[in-house]
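Below: one structure, written as structure tokens.
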Amino acid sequence: MADTNKSIHGEWSSRFAFILAATGSAVGLGNIWKFPYITGEHGGGAFVIIYLLCVAAIGIPIMIAETMMGRRGRQSPINTLEVLTKEAGANTNWHYVGWLGVIAGFLILSYYSVIAGWSMAYVIKAFTGSFSGESAAHINSLFADLQASPVQQIFWHTVFMVATMAVVAHGVQGGLEKAVRFLMPGLFILLILLVAYAMTTGAYLQGLEFMFKPDFSEITGASVLTAMGHAFFTLSLGMGAIMVYGSYLPKDVSIAKTTIIIAGADTLVALLAGIAIFPIVFANGLEVGSGPGLIFQTLPIAFGNMAGGWLFGVLFFVLLVFAALSSAISLIEPAVAWCVENYNIERKKACVIMGGFTWTLGLGTVFSFNNWSGVTFFGATIFEALDYLTANLMLPLGGFFIAVFAGRIMLEKHSKEELDLSSDDLYAIWKFLVSYVAPAEVFIVFLHVLGVFGIFS
Ligand code: PHE
């Protein structure tokens with residue numbers, strides 16, 4: 001059935017277009033903003049190793065599963081799960097996994113947009129020369145001022161949300177594909193440049209050592225959960241973003257190979273970001289565990305002090321905004337596609353409704369950095385609670401169910417036909433990973449966090 005079907009929303013124009021779009025979804029604030037600061041908070045090398053293992057053993061197999069399920073179902077994740085459930089003759093409750101994803105998408109986008117808004121504010125700061133020749137202390141105060149100002153943050157949050165919805169309203173080829181075409185190469189080149197600058201700081205080796213020399217005594221159950229959650233977050237897994245992109249994938253594209261390219265590019269960008277940032281942190285005596293402000297407190301120092309720093313600073317933050325935009329559109333696409341399918345309303349209208357809702361939720365994050373910083377849940381601010389709930393719990397849980405569905409519920413002949421792997425051995429390896437390894441890992445990490453084993457923490 002899936003052979004002849006096409007999505008009503010359109011299709012990518014080529015395999016390359018899908019690679020760009022899915023890489024656009026994967027590479028974003030997660031790689032450049034989040035990966036360095038959580039690596040800093042969790043002690044460096046050992047955390048990086050656990051993260052890399054999670055990408056390889058859980059992330060890639062689940063990414064293959066999501067893409068494959070999307071392409072077979074050809075609809076938004078909620079409806080795709082319904083179609084596939086019927087095809088497999090399984091229990092219809094599986095479509096709640098699609099709902100879990102849609103909710104996770106809203107929650108993530110609500111804070112993602114605020115952080116992307118910070119990046120927009122930094123484009124202007126870079127443009128007006130606010131960093132030039134400035135000390136680390138001054139750069140720090142620029143960030144503190146932004147965090148303290150709800151008005152500025154709401155302004156940029158609004159601009160970013162409107163931009164996201166404008167792209168999504170234009171649909172698969174018109175909006176999504178065009179937005180990501182020039183972005184990846186540009187970002188990549190700038191990161192290499194930043195790494196080159198990092199080499200001149202005098203703390204390059206110290207930075208590398210922090211990132212790659214493991215000290216497992218730094219690792220707690222919470223670190224393992226964060227590393228695993230980040231593997232899902234950075235690869236856009238567990239909530240249907242990759243599934244919905246898979247539903248626009250032409251039939252003749254090899255899913256496994258394509259997925260490995262995407263995951264590889266995503267990982268490379270994160271590692272480059274870390275290699276660029278940590279030497280700057282150490283060279284300027286900054287705190288590695290300073291949290292979500294880390295890139296905003298470090299990179300401007302580099303731009304303020306390097307030759308051509310004005311231009312590179314502007315370019316970097318512009319590209320960061322675009323990287324965030326190409327991820328943001330995939331966070332809301334499952335919900336928009338579902339709205340269009342079920343209510344037959346125009347894409348544009350669906351975007352206005354969904355965007356308005358997410359924007360409102362985002363205010364919670366804005367205020368969590370200032371007026372409501374004292375409002376906490378289990379000791380976490382609104383932003384921290386949303387981040388924990390989505391990245392550490394909802395995405396791994398969604399991924400768990402997706403893996404079980406692809407490995408154990410879908411009929412073997414269907415997944416085999418859709419994946420069309422060159423050898424039966426490869427298929428058997430994938431199937432083993434999604435059926436047993438990935439779900440078991442998620443399960444064990446959850447048990448640790450619940451304190452069932454009482455070992456780590
Ligand atoms: N992968 C994106 C990033 O790293 C975030 C994202 C998460 C996008 C989940 C879609 C779905 O920034």
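Residue numbering restarts at 1 for every chain of the structure tokens, chains are lettered A, B, ... in their displayed order, and ligands are numbered from 1 as they appear.
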
Given only C-alpha atoms and all ligand atoms, how would the per-residue table for chain A near ligand 1 read, listing every residue at most 6 Å away with its closest atom pair and distance in Å to one decimal, sorted by chain and number, as a tab-separated table?
```
residue	atom	partner	partner_atom_place_in_ligand_line	distance
A:Ser25	CA	ligand 1	8 (C)	5.2
A:Ala26	CA	ligand 1	1 (N)	3.7
A:Val27	CA	ligand 1	4 (O)	4.9
A:Gly28	CA	ligand 1	12 (O)	3.4
A:Leu29	CA	ligand 1	12 (O)	3.9
A:Gly30	CA	ligand 1	4 (O)	3.2
A:Asn31	CA	ligand 1	4 (O)	5.2
A:Phe233	CA	ligand 1	7 (C)	4.4
A:Thr234	CA	ligand 1	4 (O)	3.6
A:Leu235	CA	ligand 1	1 (N)	4.8
A:Ser236	CA	ligand 1	9 (C)	3.5
A:Leu237	CA	ligand 1	9 (C)	5.8
A:Ala241	CA	ligand 1	11 (C)	5.3
A:Ser327	CA	ligand 1	8 (C)	4.6
A:Ser330	CA	ligand 1	10 (C)	5.3
A:Leu331	CA	ligand 1	10 (C)	4.6
```

Can you pull out the residues contacting range 213-223 of chain A? Cut-off 7 Å, using only C-alpha atoms, and skip same-chain residues under 4 positions away; I want them as a PyMOL selection string. chain A and resi 42-43+45-47+209+227+448-449+456-457

Shell of 9 Å around range 406-415 of chain A, only C-alpha atoms, local chain residues under 4 positions omitted, as a VMD selection string: chain A and resid 62 65 to 66 68 to 69 72 84 to 85 87 to 90 401 to 402 419 to 420 430 to 436

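If only C-alpha atoms are the atoms counted, then among A:Arg71, A:Lys125, A:His9, A:Lys34 the closest residue to Pro250 in chain A is A:Arg71.
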
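Counting only C-alpha atoms and comparing A:Ile124, A:Val48, A:Ile139, A:Leu107, the residue that lies closest to Ile382 in chain A is A:Leu107.
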
Helix (DSSP H, G or I) residues, from DSSP on the backbone, in range 211-245 of chain A, as a ChimeraX atom specification: /A:211-212,216-218,221-234,241-245

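The nearest approach to Val288 in chain A among the residues A:Leu397, A:Ile38, A:Ile58, A:Ile189, with only C-alpha atoms taken into account, belongs to A:Ile38.
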
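For the residues A:Gly40, A:Gly24, A:Gly398, A:Gly364, ranking by smallest atom-to-atom distance to Phe182 in chain A using only C-alpha atoms places A:Gly24 first.
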
Of the residues A:Tyr343, A:Val352, A:Leu361, A:Phe383, which is the one nearest to Ala166 in chain A, using only C-alpha atoms? A:Val352

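Interatomic distance, CA of Phe127 in chain A against CA of Val314 in chain A: 5.7 Å.
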
Which residues of range 68-111 of chain A come within 8 Å of range 384-396 of chain A, and what is each one's closest atom pair and distance in Å (one decimal), counting only C-alpha atoms, sorted by chain and residue number, as JSON lines?
```
{"residue": "A:Leu100", "atom": "CA", "partner": "A:Met394", "partner_atom": "CA", "distance": 7.3}
{"residue": "A:Gly101", "atom": "CA", "partner": "A:Leu395", "partner_atom": "CA", "distance": 7.6}
{"residue": "A:Ala104", "atom": "CA", "partner": "A:Thr390", "partner_atom": "CA", "distance": 5.9}
{"residue": "A:Leu107", "atom": "CA", "partner": "A:Leu386", "partner_atom": "CA", "distance": 6.8}
{"residue": "A:Ile108", "atom": "CA", "partner": "A:Thr390", "partner_atom": "CA", "distance": 6.6}
{"residue": "A:Tyr111", "atom": "CA", "partner": "A:Leu386", "partner_atom": "CA", "distance": 7.8}
```

Could you please take those selected residues and save N, CA, C and O atoms as a compact mmCIF listing (two decimals), in the first residue's frame?
```txt
# COMPACT_ATOMS: atom_id res chain seq x y z
N LEU A 100 1.71 11.99 22.41
CA LEU A 100 2.81 12.31 23.32
C LEU A 100 3.84 13.18 22.60
O LEU A 100 4.34 14.17 23.13
N GLY A 101 4.10 12.82 21.34
CA GLY A 101 5.07 13.57 20.54
C GLY A 101 4.60 14.98 20.24
O GLY A 101 5.38 15.93 20.33
N ALA A 104 5.01 17.00 23.32
CA ALA A 104 6.44 17.28 23.55
C ALA A 104 6.90 18.38 22.59
O ALA A 104 7.66 19.27 22.98
N LEU A 107 5.83 21.81 23.87
CA LEU A 107 6.57 22.21 25.07
C LEU A 107 8.01 22.59 24.71
O LEU A 107 8.53 23.60 25.18
N ILE A 108 8.63 21.77 23.85
CA ILE A 108 10.03 22.08 23.48
C ILE A 108 10.07 23.41 22.73
O ILE A 108 10.87 24.29 23.03
N TYR A 111 10.12 26.76 24.74
CA TYR A 111 11.35 27.34 25.30
C TYR A 111 12.43 27.50 24.23
O TYR A 111 13.27 28.39 24.29
```
